[in-house]
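Structure, as structure tokens:
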Amino acid sequence: QVQLVESGGGLVQAGESLRLSCAASGSTFTISAIGWYRQAPGNQRELVATISKGGRTNYADSMKGRSTISRDNAKNTVYLQMNSLKPEDTAVYYCKADQWGGRESWGKGTLVTVSS
């Protein structure tokens, strides 16, 4: 099993930045990619960015140019740097691990609130 713990959320003003962290533990060797997703109230969960084990990244259009996903393999941690935050970025941010055999693991999320 893989356990994921997100941190770094909080309340910021529009235009400010936040760095979220996703710490993985357990059978981390089974992880092929980790992604950040978000879910705003009343909305479906949506992709923000992903990073593969090899370092390949992918970004949703909504955050492209304003976010950077990175990983520290030694710490089994994936980061999401978000800049120029907007009120519409307010959501609970989750990380998800894609694992061997099509398995997935989700964290419990961290709340990001952007005030105008």
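Chain labels run A, B, ... following the order of the structure tokens; each chain numbers its residues from 1, and ligands are numbered from 1 in the order shown.
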- Leaving out Asn58 in chain A and any residue of its chain fewer than 6 positions from it, which residues lie within 8 Å of it when counting only C-alpha atoms, given as a PyMOL selection string? chain A and resi 49-51
Take the selection from the previous step and output its residues with all heavy atoms, as a PDB file, in the first residue's frame.
```pdb
ATOM      1  N   ALA A  49      -1.857  18.776 -12.376  1.00  0.00           N
ATOM      2  CA  ALA A  49      -0.562  18.467 -12.978  1.00  0.00           C
ATOM      3  C   ALA A  49      -0.150  17.059 -12.567  1.00  0.00           C
ATOM      4  O   ALA A  49      -0.580  16.558 -11.536  1.00  0.00           O
ATOM      5  CB  ALA A  49       0.506  19.468 -12.535  1.00  0.00           C
ATOM      6  N   THR A  50       0.680  16.438 -13.397  1.00  0.00           N
ATOM      7  CA  THR A  50       1.216  15.114 -13.072  1.00  0.00           C
ATOM      8  C   THR A  50       2.709  15.085 -13.360  1.00  0.00           C
ATOM      9  O   THR A  50       3.226  15.860 -14.180  1.00  0.00           O
ATOM     10  CB  THR A  50       0.540  14.002 -13.890  1.00  0.00           C
ATOM     11  OG1 THR A  50       0.789  14.238 -15.289  1.00  0.00           O
ATOM     12  CG2 THR A  50      -0.952  13.951 -13.649  1.00  0.00           C
ATOM     13  N   ILE A  51       3.378  14.169 -12.688  1.00  0.00           N
ATOM     14  CA  ILE A  51       4.795  13.943 -12.940  1.00  0.00           C
ATOM     15  C   ILE A  51       5.045  12.453 -12.875  1.00  0.00           C
ATOM     16  O   ILE A  51       4.592  11.767 -11.951  1.00  0.00           O
ATOM     17  CB  ILE A  51       5.687  14.726 -11.951  1.00  0.00           C
ATOM     18  CG1 ILE A  51       7.157  14.594 -12.332  1.00  0.00           C
ATOM     19  CG2 ILE A  51       5.443  14.303 -10.503  1.00  0.00           C
ATOM     20  CD1 ILE A  51       8.059  15.606 -11.619  1.00  0.00           C
TER      21      ILE A  51
END
```
- Message: Please list as a PyMOL selection string every residue within 8 Å of Gln13 in chain A, counting only C-alpha atoms and excluding residues in the same chain fewer than 6 positions away.
- Response: chain A and resi 85+114-116
- Message: With distances taken over only C-alpha atoms, which residue among A:Ser105, A:Ser84, A:Thr68, A:Thr113 lies nearest Leu4 in chain A?
- Response: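 Under the stated criterion, the closest residue is A:Ser105.
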- Message: So, with only C-alpha atoms as the atoms that count, which of A:Pro41, A:Ser32, A:Leu20, A:Lys96 lies closest to Ser67 in chain A?
- Response: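 That would be A:Leu20, the residue with the smallest distance to Ser67 in chain A.
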- Task: Pick out the closest residue to Tyr94 in chain A from this set: A:Thr110, A:Ser25, A:Thr57, A:Gln3. Count only C-alpha atoms.
- Result: A:Thr110
Do you know which residues are at most 9 Å from range 78-82 of chain A counting only C-alpha atoms, after dropping those on the same chain fewer than 4 positions away, and could you put them as a compact mmCIF listing (two decimals) with C-alpha atoms, in the first residue's frame?
```txt
# COMPACT_ATOMS: atom_id res chain seq x y z
CA GLU A 16 0.33 35.27 -4.02
CA SER A 17 2.04 31.88 -4.17
CA LEU A 18 1.85 28.57 -2.35
CA ARG A 19 3.87 25.38 -2.45
CA LEU A 20 2.04 22.18 -1.75
CA SER A 21 3.79 18.99 -0.73
CA CYS A 22 2.72 15.38 -1.16
CA ALA A 23 4.72 12.93 0.95
CA ALA A 24 4.48 9.28 -0.04
CA ILE A 34 1.93 11.18 -9.02
CA GLY A 35 -0.59 13.82 -9.85
CA TRP A 36 -2.17 16.81 -8.20
CA ALA A 49 -0.56 18.47 -12.98
CA ILE A 51 4.80 13.94 -12.94
CA MET A 63 -2.69 26.07 -14.22
CA ARG A 66 1.34 29.41 -13.19
CA SER A 67 2.39 26.13 -11.61
CA THR A 68 5.36 23.81 -11.48
CA ILE A 69 5.28 20.20 -10.37
CA SER A 70 8.51 18.64 -9.17
CA ARG A 71 9.71 15.68 -7.16
CA ASP A 72 12.40 14.83 -4.64
CA ASN A 73 12.93 11.12 -4.98
CA CYS A 95 -2.45 14.05 -4.73
```
- Task: Identify all residues of chain A in strand (DSSP E) (DSSP on the backbone) and supply them as a PyMOL selection string.
- Result: chain A and resi 2-7+10-13+18-26+31-39+46-52+57-59+67-72+77-82+91-99+104-106+110-115
- With only C-alpha atoms as the basis for distance, which of A:Trp106, A:Asp61, A:Tyr93, A:Gly55 is at the shortest distance from Arg38 in chain A?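 Looking at the shortest contact to Arg38 in chain A, the residue is A:Tyr93.
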- Query: Which value, in Å to one decimal, gives the distance between CA of Arg103 in chain A and CA of Gly26 in chain A?
  - Reply: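 Distance reported for this atom pair: 14.0 Å.
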- Which one is closest to Gly9 in chain A: A:Ala60, A:Gly65, A:Glu104, A:Thr90? Count only C-alpha atoms.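 Using only C-alpha atoms, the shortest distance to Gly9 in chain A belongs to A:Thr90.
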- Please, which residues of chain A, numbered as in this document, come out helix (DSSP H, G or I) from DSSP, as a PyMOL selection string? chain A and resi 28-30+87-89+100-102
Generate a file of the selected residues that holds all heavy atoms, formatted as an mmCIF file, in the first residue's frame.
```cif
data_model
loop_
_atom_site.group_PDB
_atom_site.id
_atom_site.type_symbol
_atom_site.label_atom_id
_atom_site.label_comp_id
_atom_site.auth_asym_id
_atom_site.auth_seq_id
_atom_site.Cartn_x
_atom_site.Cartn_y
_atom_site.Cartn_z
ATOM 1 N N THR A 28 6.383 2.653 -2.029
ATOM 2 C CA THR A 28 6.589 3.728 -3.001
ATOM 3 C C THR A 28 7.236 3.233 -4.289
ATOM 4 O O THR A 28 7.139 3.883 -5.323
ATOM 5 C CB THR A 28 7.430 4.856 -2.389
ATOM 6 O OG1 THR A 28 8.669 4.309 -1.942
ATOM 7 C CG2 THR A 28 6.706 5.518 -1.226
ATOM 8 N N PHE A 29 7.872 2.074 -4.237
ATOM 9 C CA PHE A 29 8.514 1.543 -5.435
ATOM 10 C C PHE A 29 7.489 1.141 -6.491
ATOM 11 O O PHE A 29 7.823 0.940 -7.650
ATOM 12 C CB PHE A 29 9.396 0.331 -5.086
ATOM 13 C CG PHE A 29 8.645 -0.827 -4.481
ATOM 14 C CD1 PHE A 29 8.134 -1.840 -5.286
ATOM 15 C CD2 PHE A 29 8.429 -0.895 -3.116
ATOM 16 C CE1 PHE A 29 7.445 -2.902 -4.730
ATOM 17 C CE2 PHE A 29 7.735 -1.948 -2.555
ATOM 18 C CZ PHE A 29 7.237 -2.953 -3.352
ATOM 19 N N THR A 30 6.229 1.028 -6.101
ATOM 20 C CA THR A 30 5.172 0.648 -7.041
ATOM 21 C C THR A 30 4.573 1.857 -7.769
ATOM 22 O O THR A 30 3.734 1.691 -8.655
ATOM 23 C CB THR A 30 4.016 -0.069 -6.322
ATOM 24 O OG1 THR A 30 3.358 0.861 -5.433
ATOM 25 C CG2 THR A 30 4.516 -1.253 -5.515
ATOM 26 N N PRO A 87 -8.792 33.698 -7.150
ATOM 27 C CA PRO A 87 -9.890 33.162 -6.314
ATOM 28 C C PRO A 87 -10.464 31.856 -6.860
ATOM 29 O O PRO A 87 -10.858 30.984 -6.084
ATOM 30 C CB PRO A 87 -10.922 34.291 -6.336
ATOM 31 C CG PRO A 87 -10.098 35.531 -6.509
ATOM 32 C CD PRO A 87 -8.970 35.131 -7.424
ATOM 33 N N GLU A 88 -10.476 31.697 -8.173
ATOM 34 C CA GLU A 88 -11.016 30.465 -8.764
ATOM 35 C C GLU A 88 -10.109 29.253 -8.570
ATOM 36 O O GLU A 88 -10.482 28.129 -8.910
ATOM 37 C CB GLU A 88 -11.319 30.651 -10.258
ATOM 38 C CG GLU A 88 -10.175 31.222 -11.062
ATOM 39 C CD GLU A 88 -10.293 32.726 -11.267
ATOM 40 O OE1 GLU A 88 -10.616 33.450 -10.283
ATOM 41 O OE2 GLU A 88 -10.037 33.183 -12.412
ATOM 42 N N ASP A 89 -8.921 29.473 -8.002
ATOM 43 C CA ASP A 89 -8.048 28.351 -7.653
ATOM 44 C C ASP A 89 -8.421 27.769 -6.297
ATOM 45 O O ASP A 89 -7.840 26.756 -5.878
ATOM 46 C CB ASP A 89 -6.586 28.796 -7.628
ATOM 47 C CG ASP A 89 -6.081 29.211 -8.997
ATOM 48 O OD1 ASP A 89 -6.426 28.547 -9.991
ATOM 49 O OD2 ASP A 89 -5.321 30.204 -9.065
ATOM 50 N N TRP A 100 1.530 0.202 -9.987
ATOM 51 C CA TRP A 100 1.510 -1.009 -10.805
ATOM 52 C C TRP A 100 0.133 -1.666 -10.753
ATOM 53 O O TRP A 100 -0.541 -1.610 -9.727
ATOM 54 C CB TRP A 100 2.550 -2.004 -10.281
ATOM 55 C CG TRP A 100 3.952 -1.532 -10.349
ATOM 56 C CD1 TRP A 100 4.434 -0.439 -11.011
ATOM 57 C CD2 TRP A 100 5.073 -2.130 -9.706
ATOM 58 N NE1 TRP A 100 5.775 -0.339 -10.818
ATOM 59 C CE2 TRP A 100 6.211 -1.351 -10.038
ATOM 60 C CE3 TRP A 100 5.237 -3.249 -8.886
ATOM 61 C CZ2 TRP A 100 7.489 -1.677 -9.583
ATOM 62 C CZ3 TRP A 100 6.504 -3.568 -8.436
ATOM 63 C CH2 TRP A 100 7.613 -2.782 -8.788
ATOM 64 N N GLY A 101 -0.225 -2.258 -11.843
ATOM 65 C CA GLY A 101 -1.481 -3.007 -11.890
ATOM 66 C C GLY A 101 -2.710 -2.123 -11.926
ATOM 67 O O GLY A 101 -3.818 -2.609 -11.714
ATOM 68 N N GLY A 102 -2.529 -0.853 -12.230
ATOM 69 C CA GLY A 102 -3.683 0.033 -12.337
ATOM 70 C C GLY A 102 -4.233 0.525 -11.013
ATOM 71 O O GLY A 102 -5.283 1.173 -10.975
#
```
